[in-house]
Every structure is written in structure tokens, then in C-alpha cells.
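The next block is entry34.cif, given as mmCIF, C-alpha atoms.
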data_target
loop_
_atom_site.group_PDB
_atom_site.id
_atom_site.type_symbol
_atom_site.label_atom_id
_atom_site.label_comp_id
_atom_site.auth_asym_id
_atom_site.auth_seq_id
_atom_site.Cartn_x
_atom_site.Cartn_y
_atom_site.Cartn_z
ATOM 1 C CA MET A 698 28.404 8.809 16.154
ATOM 2 C CA ASN A 699 28.151 6.784 19.342
ATOM 3 C CA PHE A 700 27.841 3.030 18.776
ATOM 4 C CA ASN A 701 26.330 0.896 21.490
ATOM 5 C CA GLU A 702 26.925 -2.853 21.473
ATOM 6 C CA THR A 703 24.341 -3.469 24.206
ATOM 7 C CA SER A 704 20.852 -3.779 22.790
ATOM 8 C CA GLY A 705 17.693 -2.946 24.751
ATOM 9 C CA PHE A 706 15.841 -5.472 22.593
ATOM 10 C CA ASN A 707 15.838 -9.087 23.709
ATOM 11 C CA PRO A 708 15.434 -11.390 20.690
ATOM 12 C CA ASP A 709 14.775 -14.359 22.983
ATOM 13 C CA ALA A 710 11.534 -12.688 24.117
ATOM 14 C CA GLY A 711 10.016 -13.236 20.668
ATOM 15 C CA ARG A 712 9.832 -10.957 17.659
ATOM 16 C CA ILE A 713 6.898 -9.829 15.560
ATOM 17 C CA PRO A 714 7.599 -8.699 11.976
ATOM 18 C CA LEU A 715 5.962 -5.503 10.760
ATOM 19 C CA ARG A 716 5.503 -3.715 7.450
ATOM 20 C CA VAL A 717 4.685 -0.127 6.568
ATOM 21 C CA LEU A 718 0.998 0.059 5.691
ATOM 22 C CA GLY A 719 0.555 3.774 5.075
ATOM 23 C CA ILE A 720 0.496 7.292 6.441
ATOM 24 C CA SER A 721 -2.629 9.010 7.727
ATOM 25 C CA TYR A 722 -2.806 12.807 7.694
ATOM 26 C CA SER A 723 -3.775 14.490 10.967
ATOM 27 C CA GLN A 724 -6.698 16.861 10.418
ATOM 28 C CA ALA A 725 -6.153 18.442 13.853
ATOM 29 C CA GLN A 726 -2.495 19.405 13.507
ATOM 30 C CA THR A 727 -0.762 19.758 10.158
ATOM 31 C CA SER A 728 2.670 18.972 11.594
ATOM 32 C CA LEU A 729 1.665 15.473 12.707
ATOM 33 C CA PHE A 730 1.062 12.307 10.707
ATOM 34 C CA ALA A 731 0.162 8.787 11.797
ATOM 35 C CA LEU A 732 2.501 6.153 10.393
ATOM 36 C CA ILE A 733 0.593 2.860 10.391
ATOM 37 C CA LEU A 734 2.636 -0.311 10.814
ATOM 38 C CA ALA A 735 0.926 -3.641 10.125
ATOM 39 C CA GLN A 736 1.705 -7.031 11.627
ATOM 40 C CA ILE A 737 2.898 -9.390 8.884
ATOM 41 C CA ASP A 738 0.644 -12.461 8.696
ATOM 42 C CA GLY A 739 -1.429 -11.008 11.540
ATOM 43 C CA PRO A 740 -4.393 -8.700 12.089
ATOM 44 C CA TYR A 741 -2.896 -5.933 14.210
ATOM 45 C CA ARG A 742 -1.728 -2.435 13.350
ATOM 46 C CA ILE A 743 0.409 0.033 15.288
ATOM 47 C CA PRO A 744 0.044 3.814 14.832
ATOM 48 C CA VAL A 745 3.163 5.939 15.296
ATOM 49 C CA MET A 746 2.836 9.725 15.269
ATOM 50 C CA ILE A 747 5.631 11.305 13.213
ATOM 51 C CA GLY A 748 6.607 14.750 11.945
ATOM 52 C CA ALA A 749 6.036 16.187 8.488
ATOM 53 C CA ALA A 750 9.635 15.772 7.279
ATOM 54 C CA GLU A 751 9.775 12.103 8.242
ATOM 55 C CA ALA A 752 6.310 11.504 6.769
ATOM 56 C CA GLN A 753 7.427 13.055 3.467
ATOM 57 C CA SER A 754 10.561 10.907 3.396
ATOM 58 C CA ILE A 755 8.603 7.700 4.043
ATOM 59 C CA ALA A 756 5.838 8.629 1.589
ATOM 60 C CA MET A 757 8.364 9.336 -1.179
ATOM 61 C CA LYS A 758 9.902 5.903 -0.717
ATOM 62 C CA MET A 759 6.470 4.244 -0.658
ATOM 63 C CA GLU A 760 5.555 5.985 -3.921
ATOM 64 C CA GLY A 761 8.904 5.258 -5.570
ATOM 65 C CA VAL A 762 9.788 8.940 -5.928
ATOM 66 C CA THR A 763 13.496 9.713 -6.304
ATOM 67 C CA PRO A 764 14.428 13.285 -5.276
ATOM 68 C CA PRO A 765 16.829 15.212 -7.528
ATOM 69 C CA ARG A 766 19.243 15.469 -4.595
ATOM 70 C CA PRO A 767 19.593 12.914 -1.767
ATOM 71 C CA MET A 768 17.495 13.532 1.326
ATOM 72 C CA THR A 769 18.936 12.922 4.796
ATOM 73 C CA HIS A 770 17.534 9.392 4.930
ATOM 74 C CA ASP A 771 19.135 8.671 1.546
ATOM 75 C CA LEU A 772 22.604 9.689 2.733
ATOM 76 C CA PHE A 773 22.993 7.040 5.415
ATOM 77 C CA PRO A 774 22.483 3.971 3.173
ATOM 78 C CA GLY A 775 24.947 5.523 0.714
ATOM 79 C CA MET A 776 27.567 5.943 3.425
ATOM 80 C CA TRP A 777 26.941 2.454 4.812
ATOM 81 C CA LYS A 778 27.422 0.943 1.360
ATOM 82 C CA ALA A 779 30.633 2.911 0.833
ATOM 83 C CA PHE A 780 32.091 1.528 4.066
ATOM 84 C CA GLY A 781 30.806 -2.021 3.624
ATOM 85 C CA ILE A 782 28.157 -1.703 6.354
ATOM 86 C CA ARG A 783 24.679 -3.198 6.118
ATOM 87 C CA LEU A 784 21.500 -2.414 8.061
ATOM 88 C CA THR A 785 20.194 -5.851 8.981
ATOM 89 C CA GLU A 786 17.047 -4.950 10.913
ATOM 90 C CA VAL A 787 15.098 -2.395 12.933
ATOM 91 C CA ASN A 788 13.683 -3.260 16.339
ATOM 92 C CA ILE A 789 10.888 -1.301 18.023
ATOM 93 C CA TYR A 790 11.604 -2.708 21.441
ATOM 94 C CA ARG A 791 9.761 -0.487 23.937
ATOM 95 C CA PHE A 792 6.797 1.862 24.331
ATOM 96 C CA ASP A 793 6.910 4.156 27.331
ATOM 97 C CA ASP A 794 4.917 7.285 28.157
ATOM 98 C CA GLY A 795 3.678 7.660 24.581
ATOM 99 C CA VAL A 796 7.105 7.184 22.987
ATOM 100 C CA PHE A 797 8.280 4.267 20.828
ATOM 101 C CA TYR A 798 11.934 3.263 21.321
ATOM 102 C CA SER A 799 13.798 1.730 18.396
ATOM 103 C CA GLU A 800 17.236 0.457 17.465
ATOM 104 C CA LEU A 801 19.136 -0.110 14.238
ATOM 105 C CA THR A 802 21.223 -3.260 13.923
ATOM 106 C CA LEU A 803 24.250 -2.836 11.659
ATOM 107 C CA THR A 804 27.013 -5.188 10.579
ATOM 108 C CA ASP A 805 30.204 -5.012 8.536
ATOM 109 C CA GLY A 806 30.507 -8.788 8.392
ATOM 110 C CA ASP A 807 32.813 -8.993 11.378
ATOM 111 C CA ARG A 808 31.085 -6.912 14.023
ATOM 112 C CA THR A 809 27.387 -6.378 14.736
ATOM 113 C CA ILE A 810 26.309 -3.271 16.622
ATOM 114 C CA THR A 811 23.095 -1.507 17.602
ATOM 115 C CA ILE A 812 22.335 2.219 17.502
ATOM 116 C CA ASP A 813 19.470 3.968 19.254
ATOM 117 C CA SER A 814 17.163 5.737 16.812
ATOM 118 C CA ARG A 815 13.910 7.627 16.625
ATOM 119 C CA THR A 816 11.302 5.246 15.286
ATOM 120 C CA SER A 817 10.392 7.503 12.362
ATOM 121 C CA ASP A 818 14.041 7.671 11.246
ATOM 122 C CA ALA A 819 14.508 3.942 11.764
ATOM 123 C CA ILE A 820 11.517 3.125 9.553
ATOM 124 C CA ALA A 821 12.645 5.525 6.807
ATOM 125 C CA LEU A 822 16.116 3.942 6.812
ATOM 126 C CA ALA A 823 14.775 0.383 6.904
ATOM 127 C CA MET A 824 12.649 1.061 3.828
ATOM 128 C CA ARG A 825 15.662 2.339 1.889
ATOM 129 C CA ALA A 826 17.905 -0.516 2.983
ATOM 130 C CA GLY A 827 15.270 -3.210 2.488
ATOM 131 C CA ALA A 828 15.737 -4.235 6.124
ATOM 132 C CA PRO A 829 13.028 -6.028 8.133
ATOM 133 C CA ILE A 830 11.180 -4.281 10.961
ATOM 134 C CA PHE A 831 10.346 -6.059 14.219
ATOM 135 C CA THR A 832 8.639 -5.339 17.504
ATOM 136 C CA THR A 833 7.946 -7.248 20.715
ATOM 137 C CA PRO A 834 4.742 -8.946 21.874
ATOM 138 C CA GLU A 835 4.640 -6.435 24.740
ATOM 139 C CA VAL A 836 4.684 -3.411 22.413
ATOM 140 C CA LEU A 837 2.043 -4.985 20.190
ATOM 141 C CA ALA A 838 -0.159 -5.762 23.185
ATOM 142 C CA GLU A 839 0.059 -2.189 24.449
ATOM 143 C CA THR A 840 -0.268 -0.262 21.188
ATOM 144 C CA GLY A 841 -1.736 -2.593 18.572
ATOM 145 C CA PHE A 842 -5.336 -2.691 17.391
ATOM 146 C CA GLU A 843 -7.183 -4.860 14.914
ATOM 147 C CA MET A 844 -8.964 -3.367 11.907
ATOM 148 C CA GLU A 845 -12.122 -5.053 10.733
ATOM 149 C CA GLU A 846 -13.631 -3.803 7.500
ATOM 150 C CA LEU A 847 -17.400 -4.128 7.224
ATOM 151 C CA ALA A 848 -19.071 -4.891 3.897
ATOM 152 C CA LEU A 849 -22.352 -2.956 3.653
ATOM 153 C CA LYS A 850 -25.158 -2.763 1.112
ATOM 154 C CA ASP A 851 -24.922 -0.128 -1.631
ATOM 155 C CA ASP A 852 -27.686 1.965 -0.096
ATOM 156 C CA GLU A 853 -26.006 2.004 3.333
ATOM 157 C CA GLN A 854 -23.278 4.333 4.425
ATOM 158 C CA ALA A 855 -19.914 2.554 4.234
ATOM 159 C CA SER A 856 -18.184 2.262 7.574
ATOM 160 C CA SER A 857 -15.624 0.181 9.399
ATOM 161 C CA GLN A 858 -14.875 -0.827 12.942
ATOM 162 C CA ALA A 859 -11.638 -0.942 14.859
ATOM 163 C CA LYS A 860 -11.504 -3.953 17.108
ATOM 164 C CA PRO A 861 -9.050 -3.224 19.933
ATOM 165 C CA HIS A 862 -6.327 -5.566 21.030
ATOM 166 C CA PRO A 863 -7.350 -7.686 24.059
ATOM 167 C CA ALA A 864 -5.185 -5.404 26.200
ATOM 168 C CA ARG A 865 -7.711 -2.626 25.510
ATOM 169 C CA GLU A 866 -10.919 -4.588 26.061
ATOM 170 C CA SER A 867 -11.223 -3.562 29.684
ATOM 171 C CA ARG A 868 -12.068 0.018 28.712
ATOM 172 C CA SER A 869 -15.586 0.946 29.805
ATOM 173 C CA GLU A 870 -16.035 4.177 27.786
ATOM 174 C CA PRO A 871 -17.965 4.172 24.475
ATOM 175 C CA ARG A 872 -16.049 2.865 21.493
ATOM 176 C CA PRO A 873 -14.672 5.737 19.356
ATOM 177 C CA GLU A 874 -16.064 4.048 16.236
ATOM 178 C CA ASN A 875 -19.581 4.726 17.524
ATOM 179 C CA LEU A 876 -19.029 8.448 18.159
ATOM 180 C CA ALA A 877 -19.908 11.360 15.886
ATOM 181 C CA ILE A 878 -17.172 13.035 13.839
ATOM 182 C CA ASP A 879 -17.290 16.220 15.932
ATOM 183 C CA GLU A 880 -16.798 14.247 19.140
ATOM 184 C CA LEU A 881 -13.969 12.240 17.600
ATOM 185 C CA GLN A 882 -12.279 15.488 16.553
ATOM 186 C CA ARG A 883 -12.516 16.828 20.129
ATOM 187 C CA MET A 884 -11.010 13.603 21.466
ATOM 188 C CA LEU A 885 -8.197 13.786 18.892
ATOM 189 C CA ASP A 886 -7.422 17.404 19.777
ATOM 190 C CA ALA A 887 -7.321 16.492 23.476
ATOM 191 C CA ALA A 888 -5.010 13.511 22.847
ATOM 192 C CA ILE A 889 -2.569 15.671 20.885
ATOM 193 C CA ALA A 890 -2.700 18.417 23.540
ATOM 194 C CA ARG A 891 -1.652 15.954 26.248
ATOM 195 C CA GLU A 892 0.945 14.454 23.861
ATOM 196 C CA ASP A 893 -0.698 11.021 23.863
ATOM 197 C CA TYR A 894 0.399 10.372 20.293
ATOM 198 C CA GLU A 895 -0.363 6.656 20.316
ATOM 199 C CA GLU A 896 -4.017 7.386 21.138
ATOM 200 C CA ALA A 897 -4.001 10.299 18.684
ATOM 201 C CA GLY A 898 -2.891 7.974 15.908
ATOM 202 C CA ARG A 899 -5.683 5.535 16.685
ATOM 203 C CA LEU A 900 -8.302 8.294 16.750
ATOM 204 C CA SER A 901 -6.934 9.900 13.577
ATOM 205 C CA GLU A 902 -7.255 6.587 11.728
ATOM 206 C CA ILE A 903 -10.892 6.219 12.802
ATOM 207 C CA LEU A 904 -11.728 9.857 12.097
ATOM 208 C CA ASN A 905 -10.234 9.852 8.598
ATOM 209 C CA ARG A 906 -12.049 6.636 7.758
ATOM 210 C CA LYS A 907 -15.381 8.078 8.889
ATOM 211 C CA ARG A 908 -14.814 11.244 6.853
ATOM 212 C CA ASN A 909 -13.865 9.277 3.732
ATOM 213 C CA ASN A 910 -16.939 7.074 4.068
ATOM 214 C CA ARG A 911 -19.160 10.141 4.318
ATOM 215 C CA GLU A 912 -17.881 11.626 1.035
#
I need this file expressed as C-alpha cells, please.
Amino acid sequence: MNFNETSGFNPDAGRIPLRVLGISYSQAQTSLFALILAQIDGPYRIPVMIGAAEAQSIAMKMEGVTPPRPMTHDLFPGMWKAFGIRLTEVNIYRFDDGVFYSELTLTDGDRTITIDSRTSDAIALAMRAGAPIFTTPEVLAETGFEMEELALKDDEQASSQAKPHPARESRSEPRPENLAIDELQRMLDAAIAREDYEEAGRLSEILNRKRNNRE
């Protein structure tokens, strides 16, 4: 394994702690799931599109399920412990062209190093190691959105609105929350086709919420 002691994440730029909120199933493509990260002590959420294997690994940890044999994400913490290494934190330090870039910070007590990692793997490992997850204000501004739940009367259809981060407020097109389910599905399919997974995660969250409220 290649260790890199030069981190792409600048802690002096400010750090925003995150927690795993849940996983949203993609109705459009069974191989994709939206991992929702929530700002701790803040209103914003970040959707990260991940594969089925990573989603299963994260979901099992969230539900406290222990597999009969260790999964891949279970092996690394075991090896780290055996060699006296500790995962201290995960940093999601950049978002570029629809891709989140993350790093693992590890220490053996004497030396601290960083390793580049896929965000889905980094989150799965952080959950098993009990390590905190951080991102930058820039990533939050570009990918985060605020969820605002609406309390409605019993005889009204339950619904909710997604209030975008100020970085998104300049958009002139209709808000997805106000569109019909069929139109939202077409938008989601188009986002996945052009590999805009950040937008796909946002649309999937809205679409699933609308469908659940209709049931």
C-alpha cells in the first residue's frame, strides 16, 4: 500500500463534522444508492452516490449486524489494531466533476500519515473504527442542501421541501420539490445517465420522499 504524508486537506481552512444519516435506494438504477451525510449541529446534508456492496457494508454497520465472516471493510480495522495503528479521522476534502475526494488519517503514535480513499470506503471504515468524519466549507457549499420537514394537517397529503444551500439559490428552473413524480424520475434518469451523481442523490432523496408520502 502506498502511504502519502502530504494531505490534500487543509485543516486551517476550517472543518465541518459530519455523521451518517442513512442510505436512500435508487429507484432508477438498482446498483446505485445515495449515502446521506448530515452536518453535525447544522442543517445541511450531503448526498454521495455509492455502489451496492458499499451500501450493504454501511447499512450492516448502521443496523448492528455482524456477518459470520469478516467483510472487506472489517478486515482493515482488524489489521490496524494488530499493528498498533489507529484511524483518527476521515476528510472529504474536495468535490470535482461529480466525484468526492477523501482521505484517511492514520497514526501509530509516532507517525501520522494520510491515504487517499474512495469516499464510500472511507465512510465504511470510519464507522467501524469510530472515527470522526469531516468536510470543508467549500464542499458543503457546493454539494450540501437543507431539509425542511413540513407539518401538515391529517387530511392533507404529507410532504416536505428541500431548501437548497445558498450556493444553489441562483438556479432559475422550477424547484424539483414542486414537480410531479414522473418528471422527477425523468430528471433522475438523466442525471444518472450523465454521471452527475451528486444531483442524482439529491433528486433520489426528493423522489423517495414524495413516493413514501403518497403511500
Can you list, as a count of residues only, the residues that the PyMOL selection byres ((chain A and resi 715) around 7) selects here? 10
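Distance-wise, CA of His770 (chain A) and CA of Glu751 (chain A) end up 8.9 Å apart.
Nearest residue to Ala821 (chain A) among A:Leu881, A:Ala838, A:Ile755, A:Ala750 is A:Ile755, counting all atoms listed in the file.
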For Val787 (chain A), list every protein, DNA or RNA residue within 9 Å, evaluated using only C-alpha atoms, and leave out those in the same chain fewer than 4 positions away; present the list as number ranges by chain. A: 799-802, 816, 819-820, 822-823, 828-832
Which polymer residues, protein or nucleic acid, are no farther than 12 Å from (24.8, 6.6, 6.4), counting all atoms listed in the file, as a ChimeraX atom specification? /A:698,767-784,801,803,818-819,822-823,825-826
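Minimum atom-to-atom distance to Thr833 (chain A), evaluated using all atoms listed in the file, belongs to A:Asn788 out of A:Asn788, A:Ala877, A:Gly806, A:Ala731.
The two atoms in question, CA of Val762 (chain A) and CA of Gly748 (chain A), are spaced 19.1 Å apart.
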Could you write out as an MDAnalysis selection string the residues that the PyMOL selection byres ((chain A and resi 756) around 12) matches in the shown file? chainID A and resid 717:722 730:733 747 749:755 757:764 817 820:821 824:825
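Taking CA of Asp813 (chain A) as the reference point, CA of Tyr798 (chain A) is found at 7.8 Å.
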Draw an axis-aligned box tight on the listed atoms of region 821-831 of chain A, then pad every side by 6 Å and write out centre and edge lengths in Å to one decimal as lines of an AutoDock Vina configuration file.
center_x = 14.1
center_y = -0.3
center_z = 8.1
size_x = 19.6
size_y = 23.6
size_z = 24.3
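Comparing the minimum interatomic distances between Thr840 (chain A) and each of A:Arg815, A:Arg808, A:Arg712, A:Arg899, counting only C-alpha atoms, we find that A:Arg899 sits nearest.
The nearest approach to Pro744 (chain A) among the residues A:Gly827, A:Gly711, A:Pro834, A:Gly795, with only C-alpha atoms taken into account, belongs to A:Gly795.
Compared by their closest atoms to Arg906 (chain A), and using only C-alpha atoms, the residues A:Met884, A:Val796, A:Ile878, A:Leu729 rank with A:Ile878 nearest.
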What do you get, as a count of residues only, if you spell out every residue that the PyMOL selection byres ((chain A and resi 741) around 7) selects here? 10
